[in-house]
Amino acid sequence: MTPFEEQLKKALERREPSDGFTVRVLAHAKQQDRSELEFGSRFLQRLRSWRLIPVLAGALVITGGGVIQRHEREARGEAAKRQLMLAMRIARSKLYDAQVAVREVGR
Amino acid sequence: MKRMGSRSLLAIVLILPAWCADAIKWPASFERLAKQAKESVDVTLDSSMLQLAGGFLEKGDAEERHVKELVSKLKGVYVKSFEFDKEGQYSMADVESIRSQLTGWSRIVAVRSVNSENTDVYLKKTGDQIDGLFIIDAEPKELTVVHIDGPIRPEDLNELGGHMGIPKIGPMHGQDKNTRKDGKAASPETRSHADNFDDRGGE
């Protein structure tokens with residue numbers, strides 16, 4: 001046998017696996033399965049989040065509408081208040097003039 | 001079903017005239033006056049608008065607090081005021097068209113001055129309760145009509161005076177003269193104005 005043949009024989013001779021080899025292989029396989037499943041669920045989640053977009057858009061429109069409505073109501077309220085104060089001032093002033101006239105005539 | 005319909009119709013027919021009689025209609029000529037006027041004020045606040053305005057009145061401000069209390073029971077506040085560049089821009093017919101609607105109102109003040117500054121103050125009363133105040137102020141270059149619909153006393157407005165920079169004046173009643181020119185007993189509101197009171201309720 002040549003040294004080369006000797007080396008080849010050594011390299012190809014049957015060796016027993018180290019302790020816990022089977023367990024390690026099975027664990028690795030299990031982990032690979034899990035990561036594939038995770039990828040699938042992530043994809044589904046992403047799909048769900050896309051579905052949420054119209055819901056979020058709707059919510060945004062409703063909230064925005066509410067804010068605009070509140071602003072409009074505030075503007076109308078402030079305008080009504082200004083009108084009311086003006087009306088009261090005019091009424092008060094005209095009544096005052098009438099009272100003064102009445103008093104002057106009464107003297 | 002038919003009976004119900006006819007009953008509803010009857011109720012509407014009965015209620016509508018009473019409701020219409022309550023509402024003061026602004027003459028169409030007021031729109032023309034608004035266009036002619038140098039300055040015009042048009043305030044129309046029904047009960048819902050008054051409620052809205054009341055919500056924006058601040059309690060911290062004495063004037064606004066007083067107005068808030070005052071308007072809480074009111075049904076409407078309406079003001080039309082026109083200021084003109086020159087005299088003769090409005091006619092007495094414009095004033096009459098308003099005055100003629102005030103049937104059932106008591107005129108408590110009628111001021112007629114030599115320089116044609118005329119002011120009438122009317123109250124609408126149901127028993128002892130005052131249900132409305134109407135002021136018509138006709139000056140050569142100015143016409144102002146104020147209608148406050150709801151329970152309000154002239155004294156309430158007088159109370160506002162101190163807050164609005166207008167000096168306060170004594171109450172509208174409570175002076176010594178308790179009889180009118182015609183010798184009839186005067187209501188409390190007319191006492192202080194015995195000399196000016198005009199019983200004709202419109203001219």
# chains A, B, ... in the order shown; residues from 1 in each chain; ligands from 1
$ interface_residues --of "chain A" --to "chain B" --cutoff "10 Å" --atoms "only C-alpha atoms" --output "compact mmCIF listing (two decimals) with N, CA and C atoms, in the first residue's frame"
# COMPACT_ATOMS: atom_id res chain seq x y z
N ARG A 73 -67.70 75.53 14.43
CA ARG A 73 -68.64 75.83 15.52
C ARG A 73 -68.10 76.97 16.39
N GLU A 74 -66.79 76.91 16.64
CA GLU A 74 -66.17 77.97 17.44
C GLU A 74 -66.27 79.31 16.72
N ARG A 76 -68.50 80.18 14.48
CA ARG A 76 -69.89 80.62 14.49
C ARG A 76 -70.27 81.16 15.87
N GLY A 77 -69.78 80.48 16.91
CA GLY A 77 -70.07 80.90 18.28
C GLY A 77 -69.48 82.26 18.58
N GLU A 78 -68.25 82.47 18.15
CA GLU A 78 -67.59 83.77 18.39
C GLU A 78 -68.33 84.88 17.63
N ALA A 79 -68.75 84.57 16.39
CA ALA A 79 -69.47 85.56 15.59
C ALA A 79 -70.81 85.87 16.25
N ALA A 80 -71.49 84.83 16.74
CA ALA A 80 -72.78 85.03 17.41
C ALA A 80 -72.60 85.86 18.67
N LYS A 81 -71.52 85.59 19.38
CA LYS A 81 -71.24 86.35 20.61
C LYS A 81 -71.01 87.83 20.29
N ARG A 82 -70.22 88.09 19.24
CA ARG A 82 -69.96 89.49 18.85
C ARG A 82 -71.27 90.19 18.47
N GLN A 83 -72.11 89.46 17.71
CA GLN A 83 -73.40 90.03 17.31
C GLN A 83 -74.27 90.32 18.52
N LEU A 84 -74.27 89.39 19.45
CA LEU A 84 -75.08 89.55 20.66
C LEU A 84 -74.63 90.75 21.47
N MET A 85 -73.32 90.88 21.65
CA MET A 85 -72.80 92.00 22.43
C MET A 85 -73.12 93.32 21.74
N LEU A 86 -73.00 93.34 20.41
CA LEU A 86 -73.31 94.55 19.65
C LEU A 86 -74.80 94.89 19.80
N ALA A 87 -75.65 93.88 19.69
CA ALA A 87 -77.09 94.09 19.82
C ALA A 87 -77.43 94.65 21.20
N MET A 88 -76.81 94.09 22.21
CA MET A 88 -77.08 94.53 23.59
C MET A 88 -76.61 95.97 23.81
N ARG A 89 -75.47 96.30 23.20
CA ARG A 89 -74.94 97.66 23.34
C ARG A 89 -75.88 98.66 22.66
N ILE A 90 -76.35 98.29 21.47
CA ILE A 90 -77.26 99.18 20.74
C ILE A 90 -78.56 99.35 21.54
N ALA A 91 -79.10 98.22 22.01
CA ALA A 91 -80.36 98.27 22.78
C ALA A 91 -80.18 99.13 24.02
N ARG A 92 -79.08 98.90 24.70
CA ARG A 92 -78.79 99.64 25.93
C ARG A 92 -78.65 101.13 25.65
N SER A 93 -77.93 101.44 24.58
CA SER A 93 -77.68 102.84 24.25
C SER A 93 -78.98 103.57 23.87
N LYS A 94 -79.84 102.89 23.10
CA LYS A 94 -81.10 103.51 22.69
C LYS A 94 -82.03 103.70 23.89
N LEU A 95 -82.01 102.74 24.76
CA LEU A 95 -82.83 102.83 25.97
C LEU A 95 -82.34 103.97 26.86
N TYR A 96 -81.04 104.10 26.93
CA TYR A 96 -80.43 105.16 27.74
C TYR A 96 -80.84 106.54 27.19
N ASP A 97 -80.74 106.67 25.85
CA ASP A 97 -81.13 107.94 25.22
C ASP A 97 -82.59 108.28 25.54
N ALA A 98 -83.44 107.25 25.46
CA ALA A 98 -84.87 107.47 25.74
C ALA A 98 -85.07 107.89 27.19
N GLN A 99 -84.34 107.24 28.08
CA GLN A 99 -84.46 107.56 29.50
C GLN A 99 -84.01 108.99 29.79
N VAL A 100 -82.90 109.37 29.16
CA VAL A 100 -82.38 110.73 29.36
C VAL A 100 -83.42 111.74 28.86
N ALA A 101 -84.00 111.47 27.68
CA ALA A 101 -85.00 112.37 27.11
C ALA A 101 -86.20 112.49 28.04
N VAL A 102 -86.63 111.35 28.56
CA VAL A 102 -87.78 111.34 29.46
C VAL A 102 -87.47 112.17 30.71
N ARG A 103 -86.27 112.01 31.24
CA ARG A 103 -85.90 112.74 32.46
C ARG A 103 -85.84 114.23 32.22
N VAL A 105 -87.50 115.93 29.96
CA VAL A 105 -88.86 116.43 29.83
C VAL A 105 -89.52 116.52 31.19
N GLY A 106 -89.23 115.57 32.04
CA GLY A 106 -89.83 115.53 33.38
C GLY A 106 -89.38 116.66 34.29
$ atom_distance --atom1 "atom CA of B:Pro151" --atom2 "atom CA of B:Gly132"
6.0 Å
$ select_by_dssp --residues "stretch 38-187 of chain B" --states "alpha helix (DSSP H)" --output "NGL selection string"
:B and (47-56 or 62-71 or 92-99 or 154-161)
$ decode --residues "stretch 60-91 of chain B" --atoms "N, CA and C atoms" --output "compact mmCIF listing (two decimals), in the first residue's frame"
# COMPACT_ATOMS: atom_id res chain seq x y z
N GLY B 60 -65.62 85.18 33.35
CA GLY B 60 -64.63 86.07 33.99
C GLY B 60 -64.88 87.54 33.69
N ASP B 61 -65.53 87.79 32.57
CA ASP B 61 -65.79 89.17 32.16
C ASP B 61 -67.15 89.59 32.71
N ALA B 62 -67.16 90.69 33.47
CA ALA B 62 -68.40 91.10 34.15
C ALA B 62 -69.53 91.39 33.15
N GLU B 63 -69.18 92.09 32.08
CA GLU B 63 -70.19 92.45 31.07
C GLU B 63 -70.76 91.19 30.42
N GLU B 64 -69.86 90.30 30.03
CA GLU B 64 -70.31 89.07 29.36
C GLU B 64 -71.10 88.17 30.31
N ARG B 65 -70.70 88.18 31.56
CA ARG B 65 -71.41 87.36 32.55
C ARG B 65 -72.86 87.85 32.69
N HIS B 66 -72.98 89.17 32.72
CA HIS B 66 -74.31 89.77 32.86
C HIS B 66 -75.17 89.46 31.63
N VAL B 67 -74.57 89.60 30.46
CA VAL B 67 -75.30 89.31 29.22
C VAL B 67 -75.70 87.83 29.19
N LYS B 68 -74.80 86.98 29.65
CA LYS B 68 -75.07 85.53 29.67
C LYS B 68 -76.31 85.22 30.51
N GLU B 69 -76.37 85.85 31.67
CA GLU B 69 -77.54 85.65 32.54
C GLU B 69 -78.81 86.16 31.87
N LEU B 70 -78.63 87.31 31.21
CA LEU B 70 -79.77 87.98 30.59
C LEU B 70 -80.35 87.16 29.43
N VAL B 71 -79.48 86.61 28.62
CA VAL B 71 -79.96 85.94 27.39
C VAL B 71 -80.34 84.47 27.61
N SER B 72 -80.06 83.97 28.80
CA SER B 72 -80.31 82.53 29.02
C SER B 72 -81.79 82.16 28.82
N LYS B 73 -82.68 83.15 29.06
CA LYS B 73 -84.11 82.83 28.92
C LYS B 73 -84.72 83.42 27.65
N LEU B 74 -83.91 84.13 26.89
CA LEU B 74 -84.47 84.82 25.72
C LEU B 74 -84.71 83.88 24.54
N LYS B 75 -85.66 84.28 23.69
CA LYS B 75 -85.98 83.45 22.52
C LYS B 75 -85.37 84.04 21.25
N GLY B 76 -85.01 85.30 21.31
CA GLY B 76 -84.42 85.90 20.12
C GLY B 76 -83.99 87.34 20.36
N VAL B 77 -82.96 87.76 19.66
CA VAL B 77 -82.50 89.15 19.71
C VAL B 77 -82.31 89.61 18.26
N TYR B 78 -83.01 90.67 17.89
CA TYR B 78 -82.97 91.13 16.50
C TYR B 78 -82.72 92.64 16.49
N VAL B 79 -81.76 93.07 15.73
CA VAL B 79 -81.46 94.50 15.62
C VAL B 79 -81.25 94.86 14.16
N LYS B 80 -81.91 95.92 13.74
CA LYS B 80 -81.67 96.49 12.41
C LYS B 80 -81.35 97.96 12.64
N SER B 81 -80.20 98.37 12.19
CA SER B 81 -79.82 99.76 12.39
C SER B 81 -79.20 100.30 11.10
N PHE B 82 -79.68 101.47 10.68
CA PHE B 82 -79.17 102.07 9.44
C PHE B 82 -78.72 103.50 9.73
N GLU B 83 -77.54 103.81 9.28
CA GLU B 83 -77.05 105.19 9.42
C GLU B 83 -76.83 105.75 8.01
N PHE B 84 -77.45 106.89 7.75
CA PHE B 84 -77.42 107.43 6.39
C PHE B 84 -76.53 108.68 6.31
N ASP B 85 -76.12 108.99 5.08
CA ASP B 85 -75.30 110.18 4.85
C ASP B 85 -76.12 111.46 4.99
N LYS B 86 -77.34 111.38 4.48
CA LYS B 86 -78.18 112.58 4.52
C LYS B 86 -79.58 112.24 5.04
N GLU B 87 -80.32 113.27 5.31
CA GLU B 87 -81.67 113.07 5.86
C GLU B 87 -82.64 112.59 4.76
N GLY B 88 -83.75 112.07 5.19
CA GLY B 88 -84.82 111.69 4.26
C GLY B 88 -84.57 110.43 3.47
N GLN B 89 -83.69 109.60 3.94
CA GLN B 89 -83.39 108.36 3.21
C GLN B 89 -84.40 107.25 3.51
N TYR B 90 -85.07 107.40 4.64
CA TYR B 90 -86.13 106.43 4.94
C TYR B 90 -87.43 107.21 5.17
N SER B 91 -88.52 106.52 5.00
CA SER B 91 -89.80 107.21 5.16
C SER B 91 -90.51 106.73 6.43
